[in-house]
Amino acid sequence: MISTITFDLWKTIFSEISYTNKRKTLLVKFLKERDLEISQEFLNKIYDDNFSFLIPNDRSKDYRHIHTRDTLIFLFSNLNIDICETDIVTLQEQFEVLALENPPSLKFGVVETLEVLHKDYSIGLISDTGITPGRIIKQIFDYYDILKYFEVLIFSDETSYRKPHPIAFRSALNVLNCLPQNAIHVGDLLGTDIKGAKDYGMFTIWVNNLDNQERSDITADYTIHQLPEVIKILKSLK
C-alpha cells in the first residue's frame, strides 16, 4: 500500500524559469568593476560550458553535485582571472538570491493537490539543484505557503549527489520511515526521476509536459500531464 509520495521540483512543482541572462549581466558588471572585459560571445561560451550542471562531464562523474562556489572558481580559472574568496562569496550570493527576487511560479494545481494528499500520505521533495540551492527553495516554498505540506526536503546541494543516485531517494524515505515499495515518486525526467526511483524500488509517475522531448527506454508506472491527476491514480491504488 502506498503511504508516501515524493515529488520532483522543477517542471513538477515549479514552472521552469531561467535566470541565465541576469547572471551573465552580474558577471559582466563584476568584470567591468575590475577593468576586465570579454566579448559577449566568449562570455556566453564560458558561462554555458561551466554552468551546464545537469549535463554529465568530467566534473560531474558518478552523479556528483557541482556546487556553485566550485563552478565559479573553475570559471574564473578558465578566464585566467584571479579571484579572492570574498568575491566568490559575494558573486555566489548574488547568483543564488535571484530566485527570491523573481520566484518561479507554481504549476497548475499544486496547492490543491498537496492539500488533498497531505491528509492521507507523507509527502517529500527530492530535487536536484543548479545554482539555486535548497535554502533558497525552502524560502520560496514558505512564500507560497506550501512548506507545511512537506515532511522532508532533499536537495542535491545538501547530499552532494544528483538523481538518479540512490542517496536522494534513500535519504527521503529514511526520514519518512517508509519502504520503497510503499512509496511513489512524481517527476518529469525519465533519466533521473523515473530511473532513480524505479532502481530504488519505488513506484513512479511521469509528468509528461507538452514540451518534453526526452527520448528514453525508461517507462514509468503511470503518466500524467497535470499534477492533480496524481490524486486519481492514488485513489485507484487503495
# chains A, B, ... in the order shown; residues from 1 in each chain; ligands from 1
call {"tool": "residues_around", "arguments": {"residues": "Ile218 of chain A", "least_positions_apart": "3", "cutoff": "8 Å", "atoms": "only C-alpha atoms", "output": "JSON, numbers by chain"}}
result
{"A": [190, 191, 194, 195]}
call {"tool": "select_by_dssp", "arguments": {"residues": "segment 113-216 of chain A", "states": "strand (DSSP E)", "output": "PyMOL selection string"}}
result
chain A and resi 122-127+152-155+183-187+203-207
call {"tool": "write_last_selection", "arguments": {"atoms": "C-alpha atoms", "output": "compact mmCIF listing (two decimals), in the first residue's frame"}}
result
# COMPACT_ATOMS: atom_id res chain seq x y z
CA SER A 122 3.50 11.52 3.91
CA ILE A 123 4.95 13.94 1.39
CA GLY A 124 8.57 14.64 0.50
CA LEU A 125 10.55 16.61 -2.07
CA ILE A 126 13.58 15.25 -3.93
CA SER A 127 15.22 17.96 -6.00
CA VAL A 152 11.21 16.19 4.24
CA LEU A 153 13.05 18.14 1.55
CA ILE A 154 16.11 16.57 -0.07
CA PHE A 155 18.38 18.76 -2.22
CA ALA A 183 6.32 4.94 -1.94
CA ILE A 184 5.68 6.60 -5.28
CA HIS A 185 7.81 9.32 -6.91
CA VAL A 186 6.43 12.01 -9.23
CA GLY A 187 8.77 13.75 -11.67
CA PHE A 203 6.53 3.23 -7.96
CA THR A 204 6.71 6.12 -10.41
CA ILE A 205 4.53 8.76 -12.06
CA TRP A 206 5.96 10.61 -15.05
CA VAL A 207 4.84 14.19 -15.59
call {"tool": "atom_distance", "arguments": {"atom1": "atom CA of Ser160 of chain A", "atom2": "atom CA of His67 of chain A"}}
result
8.1 Å
call {"tool": "residues_around", "arguments": {"residues": "His165 of chain A", "least_positions_apart": "2", "cutoff": "8 Å", "atoms": "only C-alpha atoms", "output": "list in words"}}
result
Asp62, Tyr63, Tyr161, Arg162, Lys163, Ile167, Ala168, Phe169 and Gly196 of chain A
call {"tool": "write_last_selection", "arguments": {"atoms": "C-alpha atoms", "output": "PDB file, in the first residue's frame"}}
result
ATOM      1  CA  ASP A  62      29.081   9.414 -10.562  1.00  0.00           C
ATOM      2  CA  TYR A  63      26.198  11.940 -10.387  1.00  0.00           C
ATOM      3  CA  TYR A 161      24.655  13.806  -5.325  1.00  0.00           C
ATOM      4  CA  ARG A 162      22.141  14.233  -8.142  1.00  0.00           C
ATOM      5  CA  LYS A 163      19.355  11.913  -9.193  1.00  0.00           C
ATOM      6  CA  ILE A 167      21.116   8.592  -1.917  1.00  0.00           C
ATOM      7  CA  ALA A 168      18.397  11.109  -2.819  1.00  0.00           C
ATOM      8  CA  PHE A 169      15.591   8.565  -2.611  1.00  0.00           C
ATOM      9  CA  GLY A 196      16.305   6.699  -9.923  1.00  0.00           C
TER      10      GLY A 196
END
call {"tool": "atom_distance", "arguments": {"atom1": "atom CA of Glu158 of chain A", "atom2": "atom CA of Ala99 of chain A"}}
result
18.0 Å
call {"tool": "residues_around", "arguments": {"residues": "Asn182 of chain A", "least_positions_apart": "6", "cutoff": "7 Å", "atoms": "only C-alpha atoms", "output": "ChimeraX atom specification"}}
result
/A:1-4
call {"tool": "write_last_selection", "arguments": {"atoms": "C-alpha atoms", "output": "mmCIF file, in the first residue's frame"}}
result
data_model
loop_
_atom_site.group_PDB
_atom_site.id
_atom_site.type_symbol
_atom_site.label_atom_id
_atom_site.label_comp_id
_atom_site.auth_asym_id
_atom_site.auth_seq_id
_atom_site.Cartn_x
_atom_site.Cartn_y
_atom_site.Cartn_z
ATOM 1 C CA MET A 1 0.000 0.000 0.000
ATOM 2 C CA ILE A 2 1.282 3.456 -0.899
ATOM 3 C CA SER A 3 1.831 5.612 2.181
ATOM 4 C CA THR A 4 4.376 8.110 0.871
#
call {"tool": "closest_residue", "arguments": {"among": "A:Leu114, A:Leu36, A:Cys84, A:Ile131", "to": "Thr71 of chain A", "atoms": "only C-alpha atoms"}}
result
A:Ile131
call {"tool": "residues_around", "arguments": {"residues": "Tyr149 of chain A", "least_positions_apart": "2", "cutoff": "8 Å", "atoms": "only C-alpha atoms", "output": "JSON, numbers by chain"}}
result
{"A": [114, 115, 118, 123, 146, 147, 151]}
call {"tool": "closest_residue", "arguments": {"among": "A:Val110, A:Ile81, A:Leu189, A:Val97", "to": "Val230 of chain A", "atoms": "only C-alpha atoms"}}
result
A:Val110
